[in-house]
Amino acid sequence: MITVELDNFSLREICRSGQCFRMHETAENNTYELVAGDKYLKISQAGSIVNFYCSDVEFICYWVPYFDIDSDYGRYIEKVNPRDTYLSAAVQCGNGIRILRQDLWEMIITFLISQQNNISRIRSCIERLCVRYGEKLKAGDTEYYSFPTPQQLSVATEEELRRLGMGYRARYIVETTRSILAGEVSLEKLYQMKYYRRARKELMKLSGVGEKVADCICLFALHHMDAFPIDTHIRQVLDEHYRRGFPNRRYHGMRGIMQQYIFYYELIGERGKI
DNA sequence: TCCCAGGCGGTAG
DNA sequence: CTACCGCATGGG
C-alpha cells in the first residue's frame, strides 16, 4: 500500500465526475475500486490522505500519471474569475476533480457508447462489453474483466453488439474497431500528436465520432486541456450563463478542467440555485 | 407510463 | 452554412 497526502484531490468527486465509467464506491467507507484497461486498483481516502493498494512501481508508473497527481490544481482554481459567481460555485462544488489520463482505445469505445445515452446505462453497456470480450483477471482474490483490446473486440458482429444493448451505436463500434485495426487511424500517432486540434480532427475520421465525442477523448485520454466537450448540459449552461461565449482566452490551457467543474455542478451540484 | 439520455450521420434548403 | 430527422434501449 502507498500512502500519500494530496491537495485538491477527492475520490468522491473524481468518481462522480463521469470520466471513468468503471470506478465504483465500495461498501467500505471512502473506499473505491476501479478498472482501467487491464489494471485493477483499490483506493481509499481520509481527508487529504489517500491510500493506493498497489506496488510502488505501479503507483509511480501508472497511477501517478493516471490521476494527474503531479499537477497543481490550485493553479487552475486560482485562475477562476471571482466575479464569475457561477463558475466559482461550480469549482467549489467540484473541488477535487482530476482530469484523468485514461486509455485512448478505451475512451474511444466508451464515448461512442455514451452518445444519446444515460450514465447508468453507459456503465452497464461497458461492463457487458468487458465481460463478453475482455479477459477475466484476478487482483488478489478480486476478479474483474479487462477492457477488450481492438483485437478482442474485432470478433464482435454488429448483431451481437445490438443484442448486448449497444443499440444503433453497434455499427459505430464495428466500423471504428475495423478502422483502428486497419491502421486508417493510428492510436500511436494520436498519442504523439502535440496539438489538440490535430488530434480532434484525426479522431473525427472514425465512424460515430463527432465534435463532442472527439473532445471527450481528447480530454480524458490525451489530456488536451483545451478540449471543451459541449453536450446538452453544457449547451444549456452556455446559453444561460455565458451568452457572450465562454471566456476561452482567460482559461487557455485549462478549458477542459473548467468544463468538468461545470459538468459536475450541473450533474449533481446545486443547479438552479443561483 | 413516457420522456430522455455526455450525438452522429445524412439530407434538404 | 443551419435546420431538421432517424436511430435503439432501458433507467427513472
# chains A, B, ... in the order shown; residues from 1 in each chain; ligands from 1
>>> residues_around(residues="Arg75 (chain A)", least_positions_apart="2", cutoff="12 Å", atoms="only C-alpha atoms (C1' of nucleotides)", output="PyMOL selection string")
chain A and resi 7-8+71-73+77-80+251+253-254+257
>>> write_last_selection(atoms="N, CA, C and O atoms", output="compact mmCIF listing (two decimals), in the first residue's frame")
# COMPACT_ATOMS: atom_id res chain seq x y z
N ASP A 7 -3.30 17.51 -2.24
CA ASP A 7 -4.19 18.67 -2.23
C ASP A 7 -5.12 18.64 -3.42
O ASP A 7 -4.76 18.15 -4.49
N ASN A 8 -6.29 19.23 -3.25
CA ASN A 8 -7.26 19.33 -4.34
C ASN A 8 -7.46 17.98 -5.03
O ASN A 8 -7.41 17.87 -6.25
N SER A 71 0.20 17.29 -10.96
CA SER A 71 -0.27 18.62 -11.34
C SER A 71 -0.84 19.36 -10.14
O SER A 71 -1.47 18.76 -9.27
N ASP A 72 -0.63 20.67 -10.13
CA ASP A 72 -1.15 21.52 -9.06
C ASP A 72 -2.48 22.13 -9.49
O ASP A 72 -2.51 23.07 -10.28
N TYR A 73 -3.57 21.56 -8.99
CA TYR A 73 -4.90 22.06 -9.39
C TYR A 73 -5.24 23.39 -8.72
O TYR A 73 -6.18 24.07 -9.13
N ILE A 77 -7.55 26.64 -10.02
CA ILE A 77 -8.61 27.24 -9.22
C ILE A 77 -8.35 28.73 -9.00
O ILE A 77 -9.28 29.55 -9.06
N GLU A 78 -7.07 29.08 -8.80
CA GLU A 78 -6.71 30.49 -8.61
C GLU A 78 -7.08 31.34 -9.81
O GLU A 78 -7.34 32.53 -9.69
N LYS A 79 -7.06 30.72 -10.97
CA LYS A 79 -7.26 31.48 -12.22
C LYS A 79 -8.73 31.87 -12.44
O LYS A 79 -9.05 32.74 -13.23
N VAL A 80 -9.63 31.20 -11.70
CA VAL A 80 -11.06 31.45 -11.89
C VAL A 80 -11.41 32.89 -11.52
O VAL A 80 -11.02 33.38 -10.45
N TYR A 251 -9.11 31.22 -19.92
CA TYR A 251 -8.88 29.85 -19.45
C TYR A 251 -8.10 29.01 -20.45
O TYR A 251 -8.19 27.78 -20.45
N GLY A 253 -5.54 26.72 -21.95
CA GLY A 253 -4.72 25.68 -21.31
C GLY A 253 -5.41 25.02 -20.14
O GLY A 253 -4.84 24.12 -19.52
N MET A 254 -6.63 25.46 -19.83
CA MET A 254 -7.37 24.85 -18.71
C MET A 254 -8.87 24.87 -18.96
O MET A 254 -9.65 24.77 -18.02
N ILE A 257 -10.66 21.47 -17.67
CA ILE A 257 -10.98 21.29 -16.25
C ILE A 257 -12.16 22.18 -15.86
O ILE A 257 -13.02 21.77 -15.08
>>> closest_atom_pairs(of="chain A", to="chain B", cutoff="10 Å", atoms="only C-alpha atoms (C1' of nucleotides)", output="Markdown table")
| residue | atom | partner | partner_atom | distance |
| --- | --- | --- | --- | --- |
| A:Gly18 | CA | B:DG6 | C1' | 8.5 |
| A:Gln19 | CA | B:DG6 | C1' | 9.6 |
| A:Phe111 | CA | B:DG6 | C1' | 8.3 |
| A:Leu112 | CA | B:DG7 | C1' | 9.1 |
| A:Ser114 | CA | B:DG6 | C1' | 6.5 |
| A:Gln115 | CA | B:DG7 | C1' | 5.0 |
| A:Gln116 | CA | B:DA5 | C1' | 5.1 |
| A:Asn117 | CA | B:DA5 | C1' | 4.2 |
| A:Asn118 | CA | B:DA5 | C1' | 4.1 |
| A:Ile119 | CA | B:DA5 | C1' | 7.6 |
| A:Ser120 | CA | B:DA5 | C1' | 9.7 |
| A:Arg121 | CA | B:DA5 | C1' | 9.0 |
| A:Ile122 | CA | B:DA5 | C1' | 9.7 |
| A:Arg169 | CA | B:DC8 | C1' | 9.5 |
| A:Tyr172 | CA | B:DC8 | C1' | 9.7 |
| A:Ser207 | CA | B:DC8 | C1' | 8.7 |
| A:Gly208 | CA | B:DC8 | C1' | 5.7 |
| A:Val209 | CA | B:DC8 | C1' | 7.2 |
| A:Gly210 | CA | B:DC8 | C1' | 6.2 |
| A:Glu211 | CA | B:DG7 | C1' | 8.9 |
| A:Lys212 | CA | B:DG7 | C1' | 7.4 |
| A:Val213 | CA | B:DG7 | C1' | 7.9 |
| A:Cys216 | CA | B:DG6 | C1' | 8.6 |
| A:Pro229 | CA | B:DG6 | C1' | 8.2 |
| A:Ile230 | CA | B:DG6 | C1' | 8.1 |
| A:Asp231 | CA | B:DG6 | C1' | 5.4 |
| A:Thr232 | CA | B:DG6 | C1' | 7.2 |
| A:His233 | CA | B:DG6 | C1' | 7.8 |
| A:Ile234 | CA | B:DG6 | C1' | 9.0 |
| A:Phe263 | CA | B:DG6 | C1' | 8.8 |
>>> write_last_selection(atoms="C-alpha atoms", output="CSV table (one decimal), in the first residue's frame")
chain,number,residue,atom,x,y,z
A,18,GLY,CA,-18.3,10.8,-15.0
A,19,GLN,CA,-15.0,10.5,-16.8
A,111,PHE,CA,-17.6,7.7,-25.6
A,112,LEU,CA,-19.0,6.1,-28.8
A,114,SER,CA,-22.1,7.4,-24.4
A,115,GLN,CA,-23.8,9.3,-27.1
A,116,GLN,CA,-27.6,9.8,-26.6
A,117,ASN,CA,-27.4,7.5,-23.6
A,118,ASN,CA,-27.7,8.0,-19.9
A,119,ILE,CA,-24.9,7.4,-17.4
A,120,SER,CA,-26.1,4.3,-15.6
A,121,ARG,CA,-26.9,2.7,-18.9
A,122,ILE,CA,-23.4,3.6,-20.3
A,169,ARG,CA,-24.1,2.5,-31.8
A,172,TYR,CA,-20.0,2.6,-34.9
A,207,SER,CA,-17.3,6.4,-37.5
A,208,GLY,CA,-19.6,7.7,-34.8
A,209,VAL,CA,-17.0,10.2,-33.6
A,210,GLY,CA,-18.2,13.8,-33.9
A,211,GLU,CA,-17.1,17.0,-32.2
A,212,LYS,CA,-18.4,16.2,-28.8
A,213,VAL,CA,-17.1,12.6,-28.6
A,216,CYS,CA,-14.2,13.8,-24.6
A,229,PRO,CA,-16.8,19.0,-24.8
A,230,ILE,CA,-20.2,20.6,-25.3
A,231,ASP,CA,-23.1,18.2,-24.5
A,232,THR,CA,-26.7,19.0,-23.8
A,233,HIS,CA,-25.9,20.2,-20.2
A,234,ILE,CA,-23.0,22.4,-21.1
A,263,PHE,CA,-20.5,19.4,-15.9
>>> interface_residues(of="chain C", to="chain A", cutoff="12 Å", atoms="only C-alpha atoms (C1' of nucleotides)", output="PyMOL selection string")
chain C and resi 6-12
>>> residues_around(residues="Asn95 (chain A)", least_positions_apart="5", cutoff="12 Å", atoms="only C-alpha atoms (C1' of nucleotides)", output="ChimeraX atom specification")
/A:7-14,16-17,73-74,76-78,87-90,257-258,260-262,264-265,269
>>> atom_distance(atom1="CA of Phe147 (chain A)", atom2="CA of Arg22 (chain A)")
9.7 Å
>>> closest_residue(among="A:Arg235, A:Lys39, A:Arg123, A:Arg98", to="Asp70 (chain A)", atoms="only C-alpha atoms")
A:Arg98
>>> residues_around(residues="Phe59 (chain A)", least_positions_apart="5", cutoff="10 Å", atoms="only C-alpha atoms (C1' of nucleotides)", output="ChimeraX atom specification")
/A:1-2,41,52-54,64-66
>>> write_last_selection(atoms="N, CA and C atoms", output="PDB file, in the first residue's frame")
ATOM      1  N   MET A   1       0.842  -1.212   0.000  1.00  0.00           N
ATOM      2  CA  MET A   1       0.000   0.000   0.000  1.00  0.00           C
ATOM      3  C   MET A   1       0.867   1.249   0.000  1.00  0.00           C
ATOM      4  N   ILE A   2       0.467   2.229  -0.744  1.00  0.00           N
ATOM      5  CA  ILE A   2       1.157   3.516  -0.804  1.00  0.00           C
ATOM      6  C   ILE A   2       0.254   4.567  -0.165  1.00  0.00           C
ATOM      7  N   LEU A  41      -7.509  -1.353  -9.345  1.00  0.00           N
ATOM      8  CA  LEU A  41      -6.979  -0.618  -8.194  1.00  0.00           C
ATOM      9  C   LEU A  41      -8.052  -0.441  -7.131  1.00  0.00           C
ATOM     10  N   PHE A  52      -3.276   4.033  -1.803  1.00  0.00           N
ATOM     11  CA  PHE A  52      -3.324   3.243  -3.038  1.00  0.00           C
ATOM     12  C   PHE A  52      -2.904   1.821  -2.699  1.00  0.00           C
ATOM     13  N   TYR A  53      -3.778   0.855  -2.946  1.00  0.00           N
ATOM     14  CA  TYR A  53      -3.470  -0.535  -2.645  1.00  0.00           C
ATOM     15  C   TYR A  53      -2.805  -1.179  -3.856  1.00  0.00           C
ATOM     16  N   CYS A  54      -1.525  -0.844  -4.034  1.00  0.00           N
ATOM     17  CA  CYS A  54      -0.760  -1.362  -5.166  1.00  0.00           C
ATOM     18  C   CYS A  54       0.728  -1.274  -4.843  1.00  0.00           C
ATOM     19  N   VAL A  64       0.177   7.509 -10.795  1.00  0.00           N
ATOM     20  CA  VAL A  64       0.542   8.934 -10.695  1.00  0.00           C
ATOM     21  C   VAL A  64       0.134   9.696 -11.960  1.00  0.00           C
ATOM     22  N   PRO A  65       0.530   9.217 -13.132  1.00  0.00           N
ATOM     23  CA  PRO A  65       0.030   9.913 -14.321  1.00  0.00           C
ATOM     24  C   PRO A  65      -1.485   9.771 -14.506  1.00  0.00           C
ATOM     25  N   TYR A  66      -2.032   8.610 -14.192  1.00  0.00           N
ATOM     26  CA  TYR A  66      -3.470   8.376 -14.395  1.00  0.00           C
ATOM     27  C   TYR A  66      -4.314   9.409 -13.653  1.00  0.00           C
TER      28      TYR A  66
END
>>> atom_distance(atom1="CA of Tyr195 (chain A)", atom2="CA of Arg101 (chain A)")
16.3 Å
>>> atom_distance(atom1="CA of Leu104 (chain A)", atom2="CA of Leu153 (chain A)")
14.7 Å
>>> select_by_dssp(residues="region 139-273 of chain A", states="strand (DSSP E or B)", output="PDB file with N, CA, C and O atoms, in the first residue's frame")
ATOM      1  N   ALA A 139      -6.940  -9.810  -9.121  1.00  0.00           N
ATOM      2  CA  ALA A 139      -6.032  -8.993  -8.316  1.00  0.00           C
ATOM      3  C   ALA A 139      -6.218  -9.485  -6.889  1.00  0.00           C
ATOM      4  O   ALA A 139      -7.201  -9.147  -6.248  1.00  0.00           O
ATOM      5  N   THR A 142      -9.754 -10.721  -5.880  1.00  0.00           N
ATOM      6  CA  THR A 142     -10.782  -9.959  -6.589  1.00  0.00           C
ATOM      7  C   THR A 142     -10.745 -10.278  -8.081  1.00  0.00           C
ATOM      8  O   THR A 142      -9.714 -10.139  -8.731  1.00  0.00           O
ATOM      9  N   GLU A 143     -11.888 -10.703  -8.601  1.00  0.00           N
ATOM     10  CA  GLU A 143     -11.970 -10.983 -10.037  1.00  0.00           C
ATOM     11  C   GLU A 143     -12.536  -9.768 -10.764  1.00  0.00           C
ATOM     12  O   GLU A 143     -13.420  -9.081 -10.261  1.00  0.00           O
ATOM     13  N   TYR A 144     -11.995  -9.512 -11.941  1.00  0.00           N
ATOM     14  CA  TYR A 144     -12.504  -8.398 -12.750  1.00  0.00           C
ATOM     15  C   TYR A 144     -12.248  -8.681 -14.220  1.00  0.00           C
ATOM     16  O   TYR A 144     -11.494  -9.592 -14.557  1.00  0.00           O
ATOM     17  N   TYR A 145     -12.878  -7.899 -15.070  1.00  0.00           N
ATOM     18  CA  TYR A 145     -12.717  -8.080 -16.516  1.00  0.00           C
ATOM     19  C   TYR A 145     -12.013  -6.868 -17.114  1.00  0.00           C
ATOM     20  O   TYR A 145     -12.417  -5.727 -16.882  1.00  0.00           O
TER      21      TYR A 145
END
